[in-house]
Amino acid sequence: MSENQQELPAASTTEQAQPEPSIQDQQPEAAPASLEERLRQAELEAAEHHDAWLRAKAEAENARRRAQDDVDKARKYALDKFAGELLAVKDSLEAALAAGEQTTVESLRSGVELTLKQLSSVLEKNHVREVHPLGEKFDPHLHQAIAMVEGDGEANTVASVLQKGYLLHDRVLRPALVTVFQGKA
């Protein structure tokens, strides 16, 4: 045997091992009531937490549903303001057509010019801008070239605009149809 290990005296067979006291023996009689009370308290807290969780889950579902409804309404009625402003333009065109035979060419032209100004104003208010790139460098993001022409202009610049293009904010609604000067060969 090593120095650190000491020999323990052997237990005599005549000595009986004392049984360890049970848990019930260690706690006073009031303790089980306290454990039952603690269990009831924990069950109440668990029920409260479960109820709060169910309420939070329902509120989150309601918020998600409301947000989805808002998105659907925004998509459905996105053009509401724009369409309302276009109605005045339509009214002007109908009034011009209803004027009848007493209308002169000059008054008809004047009415059409006013209606065009009205329409341009509606488009401008709604962030629709014209793209009229005559003499500008050709930009394939904004312009659609339908022909290359020879001429005195610089290569790859717009020679003529056949149809104006339009932007909504910075997105192309319709590219401008253009012809482009080709380079000198």
# chains A, B, ... in the order shown; residues from 1 in each chain; ligands from 1
>>> select_by_dssp(residues="chain A", states="strand (DSSP E)", output="PyMOL selection string")
chain A and resi 128-131+143-149+158-163+165-168+171-174+176-181
>>> select_by_dssp(residues="range 117-158 of chain A", states="helix (DSSP H, G or I)", output="number ranges by chain")
A: 117-125
>>> residues_around(residues="Ala96 in chain A", least_positions_apart="2", cutoff="12 Å", atoms="only C-alpha atoms", output="number ranges by chain")
A: 89-94, 98-105, 107-115
>>> write_last_selection(atoms="N, CA and C atoms", output="mmCIF file, in the first residue's frame")
data_model
loop_
_atom_site.group_PDB
_atom_site.id
_atom_site.type_symbol
_atom_site.label_atom_id
_atom_site.label_comp_id
_atom_site.auth_asym_id
_atom_site.auth_seq_id
_atom_site.Cartn_x
_atom_site.Cartn_y
_atom_site.Cartn_z
ATOM 1 N N VAL A 89 -59.429 65.178 -67.517
ATOM 2 C CA VAL A 89 -58.954 65.170 -68.906
ATOM 3 C C VAL A 89 -60.016 64.539 -69.806
ATOM 4 N N LYS A 90 -60.590 63.443 -69.360
ATOM 5 C CA LYS A 90 -61.654 62.780 -70.126
ATOM 6 C C LYS A 90 -62.851 63.718 -70.300
ATOM 7 N N ASP A 91 -63.216 64.416 -69.232
ATOM 8 C CA ASP A 91 -64.329 65.368 -69.322
ATOM 9 C C ASP A 91 -64.056 66.435 -70.378
ATOM 10 N N SER A 92 -62.826 66.926 -70.413
ATOM 11 C CA SER A 92 -62.467 67.955 -71.405
ATOM 12 C C SER A 92 -62.586 67.415 -72.822
ATOM 13 N N LEU A 93 -62.135 66.191 -73.054
ATOM 14 C CA LEU A 93 -62.238 65.596 -74.385
ATOM 15 C C LEU A 93 -63.697 65.383 -74.780
ATOM 16 N N GLU A 94 -64.505 64.935 -73.846
ATOM 17 C CA GLU A 94 -65.929 64.749 -74.142
ATOM 18 C C GLU A 94 -66.615 66.083 -74.450
ATOM 19 N N ALA A 98 -68.590 67.167 -77.845
ATOM 20 C CA ALA A 98 -69.993 67.561 -77.745
ATOM 21 C C ALA A 98 -70.240 68.964 -78.299
ATOM 22 N N ALA A 99 -69.172 69.706 -78.556
ATOM 23 C CA ALA A 99 -69.321 71.095 -79.008
ATOM 24 C C ALA A 99 -70.079 71.172 -80.332
ATOM 25 N N GLY A 100 -69.932 70.173 -81.151
ATOM 26 C CA GLY A 100 -70.732 70.126 -82.384
ATOM 27 C C GLY A 100 -70.160 70.933 -83.527
ATOM 28 N N GLU A 101 -71.044 71.295 -84.465
ATOM 29 C CA GLU A 101 -70.637 71.945 -85.709
ATOM 30 C C GLU A 101 -70.244 73.395 -85.541
ATOM 31 N N GLN A 102 -70.720 74.060 -84.499
ATOM 32 C CA GLN A 102 -70.383 75.476 -84.338
ATOM 33 C C GLN A 102 -68.922 75.676 -83.917
ATOM 34 N N THR A 103 -68.201 74.605 -83.670
ATOM 35 C CA THR A 103 -66.810 74.703 -83.259
ATOM 36 C C THR A 103 -65.923 75.017 -84.459
ATOM 37 N N THR A 104 -65.047 76.006 -84.275
ATOM 38 C CA THR A 104 -64.096 76.345 -85.334
ATOM 39 C C THR A 104 -62.823 75.535 -85.107
ATOM 40 N N VAL A 105 -62.016 75.465 -86.123
ATOM 41 C CA VAL A 105 -60.749 74.748 -86.031
ATOM 42 C C VAL A 105 -59.875 75.394 -84.956
ATOM 43 N N SER A 107 -60.836 77.101 -82.244
ATOM 44 C CA SER A 107 -61.314 76.817 -80.887
ATOM 45 C C SER A 107 -61.076 75.344 -80.530
ATOM 46 N N LEU A 108 -61.192 74.463 -81.518
ATOM 47 C CA LEU A 108 -60.916 73.047 -81.289
ATOM 48 C C LEU A 108 -59.441 72.853 -80.942
ATOM 49 N N ARG A 109 -58.579 73.532 -81.691
ATOM 50 C CA ARG A 109 -57.135 73.438 -81.425
ATOM 51 C C ARG A 109 -56.821 73.975 -80.035
ATOM 52 N N SER A 110 -57.419 75.093 -79.685
ATOM 53 C CA SER A 110 -57.206 75.684 -78.366
ATOM 54 C C SER A 110 -57.659 74.722 -77.259
ATOM 55 N N GLY A 111 -58.806 74.076 -77.465
ATOM 56 C CA GLY A 111 -59.313 73.115 -76.488
ATOM 57 C C GLY A 111 -58.409 71.906 -76.352
ATOM 58 N N VAL A 112 -57.895 71.427 -77.474
ATOM 59 C CA VAL A 112 -56.986 70.275 -77.444
ATOM 60 C C VAL A 112 -55.678 70.655 -76.732
ATOM 61 N N GLU A 113 -55.179 71.861 -76.979
ATOM 62 C CA GLU A 113 -53.961 72.312 -76.296
ATOM 63 C C GLU A 113 -54.169 72.388 -74.782
ATOM 64 N N LEU A 114 -55.336 72.926 -74.369
ATOM 65 C CA LEU A 114 -55.632 72.983 -72.927
ATOM 66 C C LEU A 114 -55.754 71.584 -72.329
ATOM 67 N N THR A 115 -56.372 70.683 -73.068
ATOM 68 C CA THR A 115 -56.519 69.298 -72.591
ATOM 69 C C THR A 115 -55.152 68.631 -72.490
#
>>> residues_around(residues="Lys125 in chain A", least_positions_apart="4", cutoff="12 Å", atoms="only C-alpha atoms", output="list in words")
Lys81, Phe82, Glu85, Leu86, Gln118, Leu119, Ser120, Ser121, Arg129, Leu168 and His169 of chain A
>>> closest_residue(among="A:Leu35, A:Val172, A:Ala147, A:Ala74", to="Ser160 in chain A", atoms="only C-alpha atoms")
A:Ala147
